[in-house]
file entry37.txt (compact mmCIF, C-alpha atoms)
# COMPACT_ATOMS: atom_id res chain seq x y z
CA MET A 211 0.06 18.43 21.49
CA ASN A 212 -0.90 16.32 18.53
CA GLY A 213 -3.86 16.31 16.20
CA SER A 214 -6.76 14.10 17.12
CA THR A 215 -6.34 12.17 13.87
CA ALA A 216 -2.95 10.68 14.80
CA ALA A 217 -2.93 6.99 15.65
CA VAL A 218 0.74 7.18 16.56
CA PHE A 219 2.69 10.31 17.34
CA ALA A 220 6.38 10.34 18.20
CA ASP A 221 8.41 13.36 19.21
CA GLY A 222 12.18 13.11 19.52
CA LEU A 223 11.70 9.47 20.39
CA GLY A 224 14.87 7.48 21.10
CA LYS A 225 15.91 4.15 22.54
CA ARG A 226 19.41 3.37 23.69
CA TYR A 227 20.84 -0.04 24.52
CA GLY A 228 24.07 0.65 26.42
CA SER A 229 25.97 3.15 24.34
CA ARG A 230 24.19 2.28 21.08
CA TRP A 231 21.10 4.14 19.90
CA ALA A 232 18.70 1.67 18.29
CA LEU A 233 16.37 4.56 17.47
CA ARG A 234 17.22 8.21 17.58
CA ASP A 235 15.38 11.53 17.35
CA CYS A 236 12.34 9.92 15.76
CA THR A 237 9.58 12.41 15.07
CA LEU A 238 6.61 11.28 13.06
CA GLU A 239 2.87 11.12 12.93
CA ILE A 240 0.89 8.18 11.59
CA PRO A 241 -2.65 9.31 10.73
CA ALA A 242 -5.55 7.16 11.89
CA GLY A 243 -7.12 5.02 9.17
CA THR A 244 -3.94 4.61 7.17
CA VAL A 245 -2.04 1.45 6.35
CA THR A 246 1.57 2.39 6.97
CA ALA A 247 4.64 0.49 5.87
CA LEU A 248 7.66 0.79 8.13
CA VAL A 249 10.57 -0.03 5.87
CA GLY A 250 14.26 -0.40 6.52
CA PRO A 251 17.13 -2.88 6.53
CA ASN A 252 17.68 -5.26 9.44
CA GLY A 253 18.88 -3.35 12.48
CA ALA A 254 17.34 -0.08 11.30
CA GLY A 255 15.23 0.28 14.44
CA LYS A 256 11.87 -0.94 13.09
CA THR A 257 11.17 -3.41 15.90
CA THR A 258 12.43 -0.91 18.48
CA LEU A 259 9.96 1.71 17.23
CA LEU A 260 7.06 -0.77 17.20
CA HIS A 261 7.90 -2.05 20.70
CA LEU A 262 7.93 1.53 21.99
CA ALA A 263 4.55 2.18 20.34
CA VAL A 264 2.88 -0.88 21.89
CA GLY A 265 4.41 -0.27 25.33
CA LEU A 266 6.76 -3.25 25.33
CA SER A 267 9.77 -1.07 26.03
CA ARG A 268 10.50 2.26 27.65
CA ALA A 269 11.84 5.25 25.71
CA SER A 270 15.32 6.57 26.55
CA ALA A 271 14.46 9.95 25.06
CA GLY A 272 11.45 11.82 23.76
CA GLU A 273 7.94 10.42 23.80
CA VAL A 274 5.42 8.37 21.90
CA GLU A 275 1.64 8.57 22.04
CA VAL A 276 -0.96 6.16 20.70
CA PHE A 277 -4.39 7.75 20.22
CA GLY A 278 -3.13 10.64 22.34
CA HIS A 279 -1.96 8.60 25.32
CA SER A 280 1.32 7.13 26.48
CA PRO A 281 1.33 3.35 25.95
CA ARG A 282 3.24 2.86 29.21
CA ALA A 283 1.96 5.59 31.58
CA ASP A 284 -1.65 5.19 30.37
CA ALA A 285 -1.44 1.54 29.36
CA ALA A 286 -5.07 0.89 30.35
CA LEU A 287 -6.21 3.53 27.84
CA VAL A 288 -3.99 2.32 25.01
CA LEU A 289 -3.42 -1.42 25.13
CA PRO A 290 -7.06 -2.57 24.78
CA ARG A 291 -7.18 -0.64 21.50
CA VAL A 292 -3.99 -2.13 20.07
CA GLY A 293 -3.41 -5.51 18.45
CA PHE A 294 0.20 -6.63 18.08
CA VAL A 295 1.68 -9.55 16.20
CA ALA A 296 5.37 -9.95 17.00
CA GLN A 297 8.02 -11.20 14.61
CA GLU A 298 7.81 -14.95 13.85
CA HIS A 299 4.18 -14.93 15.13
CA PRO A 300 4.94 -16.52 18.53
CA LEU A 301 2.26 -18.85 19.93
CA TYR A 302 2.26 -21.24 22.87
CA ARG A 303 3.20 -24.27 20.83
CA GLY A 304 1.90 -26.81 23.35
CA LEU A 305 -1.63 -25.33 23.35
CA THR A 306 -4.36 -26.25 20.93
CA ILE A 307 -5.99 -23.52 18.83
CA GLY A 308 -9.09 -23.80 21.06
CA GLU A 309 -6.99 -23.29 24.22
CA THR A 310 -5.22 -20.38 22.56
CA LEU A 311 -8.56 -18.70 21.83
CA THR A 312 -9.70 -19.30 25.44
CA LEU A 313 -6.53 -17.60 26.62
CA GLY A 314 -7.23 -14.68 24.28
CA ARG A 315 -10.80 -14.40 25.56
CA ARG A 316 -9.72 -14.36 29.23
CA LEU A 317 -7.00 -11.79 28.63
CA ASN A 318 -8.96 -9.35 26.47
CA PRO A 319 -12.18 -7.67 27.65
CA SER A 320 -13.17 -6.66 24.11
CA TRP A 321 -12.62 -10.19 22.71
CA ASP A 322 -15.00 -11.28 19.95
CA ASP A 323 -15.11 -15.05 20.26
CA ALA A 324 -17.53 -15.53 17.36
CA VAL A 325 -15.19 -13.71 14.98
CA ALA A 326 -12.21 -15.74 16.21
CA ARG A 327 -13.96 -19.12 15.77
CA GLU A 328 -15.38 -18.15 12.40
CA ARG A 329 -11.93 -17.18 11.18
CA ILE A 330 -10.33 -20.40 12.40
CA GLU A 331 -13.07 -22.35 10.65
CA GLY A 332 -12.62 -20.26 7.50
CA LEU A 333 -8.95 -21.22 7.51
CA GLY A 334 -9.93 -24.88 7.48
CA LEU A 335 -8.33 -25.46 10.90
CA SER A 336 -9.69 -27.41 13.85
CA LEU A 337 -9.79 -26.06 17.40
CA ARG A 338 -8.18 -29.31 18.57
CA GLN A 339 -4.99 -28.85 16.54
CA LYS A 340 -1.83 -27.96 18.48
CA THR A 341 -0.42 -24.61 17.29
CA GLY A 342 3.11 -26.03 17.31
CA LYS A 343 2.10 -28.49 14.57
CA LEU A 344 0.78 -25.84 12.16
CA SER A 345 2.60 -24.61 9.05
CA GLY A 346 4.27 -21.20 9.14
CA GLY A 347 1.42 -19.64 7.18
CA GLU A 348 -1.20 -21.18 9.49
CA GLN A 349 0.65 -20.01 12.60
CA ALA A 350 0.76 -16.51 11.15
CA GLN A 351 -2.99 -16.65 10.48
CA VAL A 352 -3.73 -17.88 14.04
CA ALA A 353 -1.56 -15.12 15.52
CA LEU A 354 -3.40 -12.61 13.29
CA THR A 355 -6.76 -14.06 14.42
CA LEU A 356 -5.78 -13.45 18.06
CA ALA A 357 -4.92 -9.83 17.27
CA LEU A 358 -8.07 -9.22 15.19
CA ALA A 359 -10.46 -10.87 17.68
CA LYS A 360 -9.43 -8.15 20.10
CA ARG A 361 -11.18 -5.70 17.73
CA PRO A 362 -8.22 -3.34 17.76
CA GLU A 363 -8.28 0.20 16.41
CA LEU A 364 -4.55 -0.07 15.72
CA LEU A 365 -3.00 -3.27 14.39
CA VAL A 366 0.79 -3.47 14.63
CA LEU A 367 2.52 -6.22 12.64
CA ASP A 368 6.28 -6.71 13.00
CA GLU A 369 7.71 -8.34 9.85
CA PRO A 370 4.49 -10.28 9.31
CA ILE A 371 5.24 -11.71 5.88
CA ALA A 372 9.01 -12.16 5.75
CA SER A 373 8.93 -15.80 6.80
CA LEU A 374 5.93 -16.78 4.66
CA ASP A 375 5.83 -18.37 1.22
CA PRO A 376 4.20 -16.29 -1.56
CA LEU A 377 0.77 -17.91 -1.22
CA ALA A 378 0.66 -17.59 2.58
CA ARG A 379 1.90 -14.03 2.20
CA ARG A 380 -0.97 -13.17 -0.15
CA GLU A 381 -3.54 -14.84 2.12
CA PHE A 382 -2.20 -13.03 5.17
CA LEU A 383 -2.41 -9.63 3.46
CA GLN A 384 -5.89 -10.43 2.10
CA THR A 385 -7.07 -11.07 5.67
CA VAL A 386 -5.54 -7.84 6.93
CA MET A 387 -7.04 -5.81 4.07
CA GLN A 388 -10.49 -7.32 4.62
CA ALA A 389 -10.28 -6.34 8.28
CA VAL A 390 -9.34 -2.80 7.25
CA ALA A 391 -12.29 -2.68 4.82
CA GLU A 392 -14.65 -3.84 7.58
CA THR A 393 -13.45 -1.71 10.47
CA GLY A 394 -11.33 1.14 9.10
CA MET A 395 -8.60 0.24 11.59
CA THR A 396 -5.12 1.74 11.38
CA VAL A 397 -2.36 -0.70 10.44
CA ILE A 398 1.40 -0.37 10.82
CA LEU A 399 3.48 -3.15 9.36
CA SER A 400 7.23 -3.37 9.22
CA SER A 401 9.04 -5.09 6.39
CA HIS A 402 12.23 -5.21 4.45
CA ILE A 403 10.35 -6.44 1.38
CA VAL A 404 9.00 -3.51 -0.60
CA ALA A 405 7.34 -5.36 -3.48
CA ASP A 406 4.24 -6.52 -1.60
CA LEU A 407 3.79 -3.27 0.26
CA GLU A 408 2.94 -0.95 -2.58
CA ARG A 409 -0.46 -2.50 -3.21
CA VAL A 410 -1.32 -2.77 0.47
CA CYS A 411 -0.02 0.41 2.08
CA ASP A 412 -0.92 4.05 1.55
CA HIS A 413 1.71 5.53 3.87
CA LEU A 414 5.40 4.90 4.23
CA VAL A 415 8.09 5.47 6.85
CA ILE A 416 11.67 4.72 5.84
CA LEU A 417 13.96 3.98 8.74
CA ALA A 418 17.72 3.52 8.48
CA THR A 419 20.47 3.48 11.08
CA GLY A 420 17.99 4.37 13.81
CA ARG A 421 16.63 7.47 12.09
CA VAL A 422 13.58 8.39 10.06
CA GLN A 423 14.75 9.08 6.49
CA LEU A 424 11.39 9.80 4.90
CA ALA A 425 7.74 9.69 5.94
CA GLY A 426 4.52 10.47 4.14
CA SER A 427 1.74 9.39 1.81
CA ILE A 428 2.99 6.93 -0.83
CA ASP A 429 1.19 8.77 -3.66
CA GLU A 430 2.90 12.01 -2.69
CA ILE A 431 6.26 10.35 -2.17
CA VAL A 432 6.18 8.68 -5.59
CA ALA A 433 4.98 11.90 -7.25
CA GLY A 434 7.69 13.90 -5.49
CA HIS A 435 10.80 12.00 -6.58
CA ARG A 436 12.58 12.00 -9.93
CA LEU A 437 15.73 10.65 -11.47
CA LEU A 438 17.64 13.20 -13.53
CA THR A 439 20.32 12.32 -16.03
CA GLY A 440 22.48 14.87 -17.76
CA PRO A 441 25.99 15.87 -18.77
CA ARG A 442 28.66 15.32 -16.17
CA GLY A 443 29.05 17.84 -13.37
CA ASP A 444 26.95 20.95 -12.96
CA SER A 445 24.57 19.53 -10.37
CA ALA A 446 24.80 22.63 -8.18
CA ALA A 447 21.96 24.42 -9.98
CA VAL A 448 19.69 21.43 -9.45
CA ALA A 449 20.70 21.16 -5.79
CA ARG A 450 19.67 24.78 -5.20
CA VAL A 451 16.06 23.94 -6.11
CA HIS A 452 15.67 20.25 -5.41
CA GLU A 453 16.89 18.08 -2.59
CA VAL A 454 19.50 15.71 -4.02
CA ILE A 455 19.18 12.35 -2.28
CA ARG A 456 21.85 10.51 -4.24
CA GLU A 457 24.20 11.36 -7.04
CA SER A 458 26.53 9.32 -9.16
CA HIS A 459 28.85 10.16 -12.03
CA THR A 460 30.47 8.48 -14.99
CA ASP A 461 33.09 10.31 -17.03
CA ARG A 462 30.37 11.70 -19.30
CA GLN A 463 27.18 11.69 -17.29
CA THR A 464 25.72 12.67 -13.95
CA THR A 465 22.72 10.92 -12.43
CA LEU A 466 20.80 12.62 -9.64
CA PHE A 467 18.06 11.17 -7.51
CA VAL A 468 16.07 14.13 -6.23
CA ARG A 469 13.14 14.99 -4.08
CA ALA A 470 11.65 17.51 -6.48
CA ASN A 471 10.38 20.93 -5.49
CA GLY A 472 8.36 21.83 -8.55
CA HIS A 473 9.53 21.42 -12.11
CA VAL A 474 12.94 21.01 -13.60
CA TYR A 475 13.18 23.57 -16.36
CA ASP A 476 16.74 22.96 -17.46
CA SER A 477 16.52 21.09 -20.76
CA ARG A 478 19.98 19.54 -20.26
CA TRP A 479 18.47 17.22 -17.67
CA GLN A 480 16.35 14.29 -18.68
CA LEU A 481 13.60 13.45 -16.21
CA HIS A 482 12.59 9.93 -15.30
CA GLU A 483 9.79 8.78 -13.04
CA VAL A 484 10.72 6.36 -10.27
CA ASP A 485 8.78 3.65 -8.49
CA LEU A 486 8.50 3.07 -4.77
CA GLU A 487 11.17 0.39 -4.62
CA GLU A 488 13.72 2.67 -6.31
CA ILE A 489 12.88 5.44 -3.85
CA VAL A 490 13.29 3.16 -0.84
CA LEU A 491 16.63 1.90 -2.16
CA ALA A 492 17.86 5.42 -2.82
CA TYR A 493 17.15 6.45 0.77
CA LEU A 494 18.58 3.26 2.22
CA GLY A 495 21.70 3.85 0.14
CA GLN A 496 22.65 6.74 2.39
CA ARG A 497 24.14 4.36 4.89
CA ASN A 498 25.84 6.97 7.02
CA GLY A 499 22.48 8.37 8.09
CA SER A 500 23.69 11.87 7.32
CA HIS A 501 20.34 12.78 5.86
CA ALA A 502 18.53 15.10 8.23
CA PRO A 503 15.54 13.47 9.90
CA GLN A 504 12.21 14.70 8.57
CA ARG A 505 10.40 16.73 11.15
CA GLU A 506 7.24 17.25 9.20
CA ALA A 507 3.84 15.79 9.89
CA VAL A 508 2.45 13.23 7.53
CA ALA A 509 -0.61 14.51 5.73
CA PRO A 510 -3.55 12.10 5.94
CA MET B 89 -20.27 -9.39 -11.82
CA ILE B 90 -16.66 -9.07 -12.87
CA GLU B 91 -13.44 -10.08 -11.20
CA PHE B 92 -10.53 -7.66 -11.17
CA TYR B 93 -6.94 -8.62 -11.87
CA LEU B 94 -3.71 -6.69 -11.40
CA ASP B 95 -0.79 -6.27 -13.72
CA THR B 96 1.96 -5.39 -11.27
CA ARG B 97 4.55 -4.85 -13.99
CA SER B 98 2.56 -2.39 -16.08
CA GLY B 99 3.49 0.66 -14.02
CA VAL B 100 -0.17 1.77 -14.24
CA PRO B 101 -1.41 2.77 -10.77
CA THR B 102 -3.63 0.12 -9.19
CA TYR B 103 -6.74 2.30 -8.93
CA LEU B 104 -6.42 3.20 -12.62
CA GLN B 105 -6.23 -0.47 -13.59
CA LEU B 106 -9.54 -1.05 -11.78
CA VAL B 107 -11.08 1.99 -13.52
CA GLN B 108 -9.92 0.75 -16.93
CA GLN B 109 -11.22 -2.78 -16.32
CA VAL B 110 -14.69 -1.50 -15.43
CA LYS B 111 -14.74 0.76 -18.49
CA GLN B 112 -13.64 -2.09 -20.72
CA ALA B 113 -16.27 -4.45 -19.26
CA VAL B 114 -18.97 -1.83 -19.84
CA ARG B 115 -17.78 -1.22 -23.41
CA LEU B 116 -17.81 -4.90 -24.23
CA GLY B 117 -21.22 -5.43 -22.65
CA ILE B 118 -19.87 -7.71 -19.92
CA LEU B 119 -21.25 -5.20 -17.42
CA LEU B 120 -24.74 -3.87 -18.18
CA PRO B 121 -26.55 -0.86 -16.73
CA GLY B 122 -27.77 -1.73 -13.23
CA ASP B 123 -25.14 -4.45 -12.68
CA GLN B 124 -23.36 -4.42 -9.35
CA LEU B 125 -19.59 -4.06 -9.03
CA PRO B 126 -17.75 -6.26 -6.51
CA THR B 127 -17.85 -4.81 -2.98
CA VAL B 128 -14.71 -3.24 -1.56
CA LYS B 129 -14.36 -6.15 0.83
CA GLU B 130 -14.59 -8.65 -2.02
CA VAL B 131 -11.97 -6.84 -4.07
CA VAL B 132 -9.45 -6.53 -1.23
CA GLY B 133 -10.18 -10.15 -0.29
CA THR B 134 -9.05 -11.35 -3.70
CA LEU B 135 -6.37 -8.85 -4.70
CA ALA B 136 -4.92 -8.06 -1.25
CA ILE B 137 -4.90 -4.34 -1.96
CA ASN B 138 -5.64 -1.33 0.21
CA PRO B 139 -9.41 -0.67 0.50
CA ASN B 140 -8.78 3.03 -0.16
CA THR B 141 -7.45 2.10 -3.61
CA VAL B 142 -10.77 0.45 -4.49
CA LEU B 143 -12.71 3.40 -3.08
CA LYS B 144 -10.59 5.77 -5.15
CA ALA B 145 -11.34 3.80 -8.33
CA TYR B 146 -15.08 3.70 -7.60
CA ARG B 147 -15.09 7.43 -6.78
CA GLU B 148 -13.40 8.15 -10.10
CA LEU B 149 -15.96 6.02 -11.99
CA ASP B 150 -18.77 7.71 -10.07
CA HIS B 151 -17.32 11.12 -10.94
CA GLU B 152 -17.33 10.17 -14.62
CA GLY B 153 -20.95 9.08 -14.35
CA LEU B 154 -20.20 5.48 -15.21
CA VAL B 155 -21.32 4.01 -11.90
CA GLU B 156 -23.41 5.13 -8.96
CA GLY B 157 -22.96 4.29 -5.30
CA ARG B 158 -26.15 3.33 -3.51
CA ARG B 159 -25.87 3.83 0.22
CA GLY B 160 -25.79 0.56 2.09
CA GLN B 161 -26.19 -1.48 -1.09
CA GLY B 162 -23.02 -1.12 -3.11
CA THR B 163 -21.81 0.31 -6.39
CA PHE B 164 -23.79 -0.21 -9.60
CA VAL B 165 -23.27 0.54 -13.28
CA SER B 166 -25.34 3.64 -14.02
CA SER B 167 -28.77 2.71 -15.28
CA ASP B 168 -28.96 5.74 -17.57
CA LEU B 169 -25.73 4.85 -19.30
CA PRO B 170 -26.23 4.93 -23.05
CA SER B 171 -25.53 1.45 -24.32
CA LEU B 172 -24.39 0.82 -27.86
CA PRO B 173 -27.12 -0.35 -30.25
CA PRO B 174 -26.23 -4.02 -30.98
CA ASP B 175 -27.13 -3.89 -34.71
CA GLU B 176 -24.96 -0.84 -35.20
CA VAL B 177 -22.04 -2.56 -33.43
CA LYS B 178 -22.46 -5.61 -35.65
CA GLY B 179 -22.34 -3.50 -38.81
CA LEU B 180 -19.31 -1.56 -37.64
CA ARG B 181 -17.51 -4.76 -36.73
CA SER B 182 -17.99 -6.35 -40.15
CA ALA B 183 -16.89 -3.14 -41.86
CA LEU B 184 -13.79 -3.20 -39.69
CA GLN B 185 -13.15 -6.83 -40.59
CA ARG B 186 -13.21 -5.94 -44.30
CA TRP B 187 -10.80 -3.09 -43.62
CA ILE B 188 -8.47 -5.41 -41.69
CA GLU B 189 -8.40 -7.91 -44.56
CA ARG B 190 -7.48 -5.10 -46.96
CA ALA B 191 -4.75 -3.88 -44.60
CA ARG B 192 -3.30 -7.39 -44.25
CA ALA B 193 -3.31 -7.80 -48.00
CA ALA B 194 -1.39 -4.52 -48.23
CA GLY B 195 1.24 -5.94 -45.86
CA LEU B 196 0.32 -4.21 -42.57
CA ASP B 197 0.81 -6.25 -39.42
CA ASP B 198 -1.25 -5.87 -36.20
CA ASP B 199 1.05 -3.19 -34.79
CA ASN B 200 0.93 -1.18 -38.03
CA MET B 201 -2.86 -1.34 -38.01
CA ALA B 202 -3.12 -0.35 -34.33
CA ALA B 203 -0.76 2.58 -34.94
CA LEU B 204 -2.70 3.72 -38.00
CA PHE B 205 -5.99 3.45 -36.13
CA ALA B 206 -4.70 5.34 -33.09
CA ASP B 207 -3.26 8.07 -35.29
CA THR B 208 -6.48 8.43 -37.30
CA VAL B 209 -8.81 8.37 -34.32
CA ARG B 210 -6.92 11.17 -32.53
CA PRO B 211 -9.09 14.30 -32.36
CA PRO B 212 -8.41 16.90 -35.08
CA GLY B 213 -6.02 19.68 -34.11
CA SER B 214 -3.93 17.57 -31.76
CA SER B 215 -0.29 17.21 -32.58
CA ARG B 216 0.51 14.15 -34.64
CA ALA B 217 4.22 14.48 -34.09
CA ALA B 218 4.06 13.84 -30.34

call {"tool": "encode", "arguments": {"input": "entry37.txt", "output": "C-alpha cells"}}
result
Amino acid sequence: MNGSTAAVFADGLGKRYGSRWALRDCTLEIPAGTVTALVGPNGAGKTTLLHLAVGLSRASAGEVEVFGHSPRADAALVLPRVGFVAQEHPLYRGLTIGETLTLGRRLNPSWDDAVARERIEGLGLSLRQKTGKLSGGEQAQVALTLALAKRPELLVLDEPIASLDPLARREFLQTVMQAVAETGMTVILSSHIVADLERVCDHLVILATGRVQLAGSIDEIVAGHRLLTGPRGDSAAVARVHEVIRESHTDRQTTLFVRANGHVYDSRWQLHEVDLEEIVLAYLGQRNGSHAPQREAVAP
Amino acid sequence: MIEFYLDTRSGVPTYLQLVQQVKQAVRLGILLPGDQLPTVKEVVGTLAINPNTVLKAYRELDHEGLVEGRRGQGTFVSSDLPSLPPDEVKGLRSALQRWIERARAAGLDDDNMAALFADTVRPPGSSRAA
C-alpha cells in the first residue's frame, strides 16, 4: 500500500476518547531518513499520533504502519526497530544509571551496551548515580541514551526539549544529530517551540485540533508560502490561483498569507518571503480546523 | 581546520552560511589547498543542525570545484585550487589602503566606501539602478 521508503505511514488514522476525537482523519507519510518536526499547540493530537505510531495505543479509525507493519498487530516486527522517549523523559527514579542500563540490556535484544556506557561516561555521569537525583537535562540525556542504545531505525521523541534550559536543549539536539549522522536513522520529534526546529529538522507536520494542517519538506514549505500586501479588498483574483491560508484587512489594506501556486503577476500586490515560524503560526491561527486535511504524500 | 558558526537572525539559509564561511576561509588563506573540512559528525555535534544541511553545503562546494570529497576520508579543499600570489595580494592591499585614506579625506565613511566599491566592481552591462 505504501512506498518502501516510508518510515511512518498513516491513512485516515483517528483516535477517539469518549466522544472527543484527539486525532482525526490523519493521512501522512514520513519518509525514512528524514528528521521530522511534529508541531502544534497543546492538545493538538501530537502525543496521540506518536503513541499510535509506537503501538502504545490502539487506533479508533484508519491505520498506521511503521516500516510497512502495524505497530500493534506486528509489534515484534516494529518495536525492536523503534526508540521512544516519552514526554518528561520518565525514568525509574530509584534506580541508579547502571541499573537502568542493565534493565535496558535485558529488555532489548539489539542493545549496544558499549555505546550506552560510553555515552554515560561522555556526559560526565557515574553509573552509581540515582536517576532521580539528576538534573532535568541529565535525565533527558539518560532517557535518550536508553533509546539510542537500542540502535533504533526510528527515534520518536515526544516534546523532548520543552522542559530543558537552552544549554541542555542544545546538547540534547547535538546528541540526536550526531546519532543521525552516524546511522541515518529517521527521527520524529514533537514540539510547540519552532525556533530550535528549523536548524534540526528537514520535514514538518503541522497538527491542530486533531487534524493535519500541512505536511512536507521544510525547504519546499518555506519556498511555497508568501505574504501579499495590497489595496483593500479584491482578494478573489488571488484566491483563484493561490490557496489563501489567512487574510486580514485594515480600512486601506489587505494582507493575504498564501500557499503560492506559481508566481503572482499582479503588480498591485507586494510579495514578502516568510520564515518557518510565521508559516506555522499562520496555520495554527485557523483555530476552527476548517482547513481541509492534506492528503498528499510528503516527497523525500 | 575551521569551526563553523551560525547567524540565526541573518535569514541566510544554514547551508549557504556554511558555504560562505568555507569560501571566505579559502579567500583569506585560513584554509589552504589539501586542508580537511570538519566532518559532518563534527559539525552537527557543535552546531546541532541536520546532517543533510552539512552534506548539502559540501555538495555545493564540491560542485563549484572548491572542495573534493574523498571516499572514507572526508572533504578536502581542492589541491588544484589556484591560490592568490602573496606578493600580489600585498601590493593590492597597500594600494587599497592609499585609496581608503584618500576616500576618508574626501569625507566618505565605511558604508559610502563599501557602496562605491560594490557599485564599481559590478560586471559591466548589469543594471546599476537595481

call {"tool": "atom_distance", "arguments": {"input": "entry37.txt", "atom1": "CA of Phe467 (chain A)", "atom2": "CA of Ala492 (chain A)"}}
result
7.4 Å

call {"tool": "closest_atom_pairs", "arguments": {"input": "entry37.txt", "of": "chain B", "to": "chain A", "cutoff": "12 Å", "atoms": "all atoms listed in the file", "output": "tab-separated table"}}
result
residue	atom	partner	partner_atom	distance
B:Leu94	CA	A:Arg409	CA	9.8
B:Asp95	CA	A:Arg409	CA	11.2
B:Thr96	CA	A:Arg409	CA	8.9
B:Arg97	CA	A:Ala405	CA	10.9
B:Ser98	CA	A:Asp485	CA	11.5
B:Gly99	CA	A:Asp485	CA	8.2
B:Val100	CA	A:Asp485	CA	10.8
B:Pro101	CA	A:Arg409	CA	9.3
B:Thr102	CA	A:Arg409	CA	7.3
B:Tyr103	CA	A:Arg409	CA	9.8
B:Thr127	CA	A:Ala391	CA	9.8
B:Val128	CA	A:Ala391	CA	6.8
B:Lys129	CA	A:Gln388	CA	5.5
B:Glu130	CA	A:Gln388	CA	7.9
B:Val131	CA	A:Gln388	CA	8.8
B:Val132	CA	A:Met387	CA	5.9
B:Gly133	CA	A:Gln384	CA	4.9
B:Thr134	CA	A:Gln384	CA	6.7
B:Leu135	CA	A:Gln384	CA	7.0
B:Ala136	CA	A:Gln384	CA	4.2
B:Ile137	CA	A:Val410	CA	4.6
B:Asn138	CA	A:Val410	CA	4.6
B:Pro139	CA	A:Ala391	CA	5.6
B:Asn140	CA	A:Asp412	CA	8.1
B:Thr141	CA	A:Arg409	CA	8.4
B:Val142	CA	A:Ala391	CA	9.9
B:Leu143	CA	A:Ala391	CA	10.0
B:Lys144	CA	A:Asp412	CA	11.9

call {"tool": "atom_distance", "arguments": {"input": "entry37.txt", "atom1": "CA of Asp323 (chain A)", "atom2": "CA of Ala359 (chain A)"}}
result
6.8 Å

call {"tool": "atom_distance", "arguments": {"input": "entry37.txt", "atom1": "CA of Glu148 (chain B)", "atom2": "CA of Leu104 (chain B)"}}
result
8.9 Å

call {"tool": "residues_near_point", "arguments": {"input": "entry37.txt", "point": "(-10.9, -15.0, 10.4)", "cutoff": "10 Å", "atoms": "all atoms listed in the file", "output": "list in words"}}
result
Ala324, Val325, Ala326, Arg327, Glu328, Arg329, Ile330, Glu331, Gly332, Leu333, Gln351, Val352, Leu354, Thr355, Leu356, Leu358, Ala359, Thr385, Val386, Gln388 and Ala389 of chain A

call {"tool": "closest_residue", "arguments": {"input": "entry37.txt", "among": "A:Leu399, A:Leu414, A:Ala285, A:Leu337", "to": "Glu309 (chain A)", "atoms": "all atoms listed in the file"}}
result
A:Leu337

call {"tool": "residues_around", "arguments": {"input": "entry37.txt", "residues": "Ile90 (chain B)", "least_positions_apart": "3", "cutoff": "8 Å", "atoms": "all atoms listed in the file", "output": "list of chain:residue names"}}
result
B:Ala113, B:Ile118, B:Leu119, B:Leu125, B:Pro126

call {"tool": "closest_residue", "arguments": {"input": "entry37.txt", "among": "A:Phe294, A:Tyr493, A:Trp321, A:Phe219", "to": "Val454 (chain A)", "atoms": "all atoms listed in the file"}}
result
A:Tyr493

call {"tool": "residues_around", "arguments": {"input": "entry37.txt", "residues": "Val490 (chain A)", "least_positions_apart": "3", "cutoff": "10 Å", "atoms": "all atoms listed in the file", "output": "list in words"}}
result
Val249, Gly250, His402, Val404, Leu414, Val415, Ile416, Leu417, Gln423, Leu424, Asp485, Leu486, Glu487, Tyr493, Leu494 and Gly495 of chain A

call {"tool": "decode", "arguments": {"input": "entry37.txt", "residues": "region 239-262 of chain A", "atoms": "C-alpha atoms", "output": "PDB file, in the first residue's frame"}}
result
ATOM      1  CA  GLU A 239       3.776   9.728   5.090  1.00  0.00           C
ATOM      2  CA  ILE A 240       7.079  10.345   6.842  1.00  0.00           C
ATOM      3  CA  PRO A 241       9.948   9.310   4.551  1.00  0.00           C
ATOM      4  CA  ALA A 242      12.749   7.217   6.018  1.00  0.00           C
ATOM      5  CA  GLY A 243      15.944   9.128   6.761  1.00  0.00           C
ATOM      6  CA  THR A 244      14.215  12.419   7.482  1.00  0.00           C
ATOM      7  CA  VAL A 245      14.150  14.410  10.689  1.00  0.00           C
ATOM      8  CA  THR A 246      10.524  15.428  11.031  1.00  0.00           C
ATOM      9  CA  ALA A 247       9.104  18.055  13.345  1.00  0.00           C
ATOM     10  CA  LEU A 248       5.575  17.442  14.570  1.00  0.00           C
ATOM     11  CA  VAL A 249       4.337  20.879  15.513  1.00  0.00           C
ATOM     12  CA  GLY A 250       1.131  22.078  17.092  1.00  0.00           C
ATOM     13  CA  PRO A 251      -0.329  23.704  20.194  1.00  0.00           C
ATOM     14  CA  ASN A 252      -1.013  21.712  23.347  1.00  0.00           C
ATOM     15  CA  GLY A 253      -3.933  19.364  22.797  1.00  0.00           C
ATOM     16  CA  ALA A 254      -3.434  19.272  19.025  1.00  0.00           C
ATOM     17  CA  GLY A 255      -3.033  15.493  18.980  1.00  0.00           C
ATOM     18  CA  LYS A 256       0.770  15.268  18.755  1.00  0.00           C
ATOM     19  CA  THR A 257       1.206  12.789  21.609  1.00  0.00           C
ATOM     20  CA  THR A 258      -1.808  10.805  20.411  1.00  0.00           C
ATOM     21  CA  LEU A 259      -0.251  10.422  16.945  1.00  0.00           C
ATOM     22  CA  LEU A 260       3.135   9.410  18.387  1.00  0.00           C
ATOM     23  CA  HIS A 261       1.557   6.892  20.776  1.00  0.00           C
ATOM     24  CA  LEU A 262      -0.343   5.329  17.870  1.00  0.00           C
TER      25      LEU A 262
END
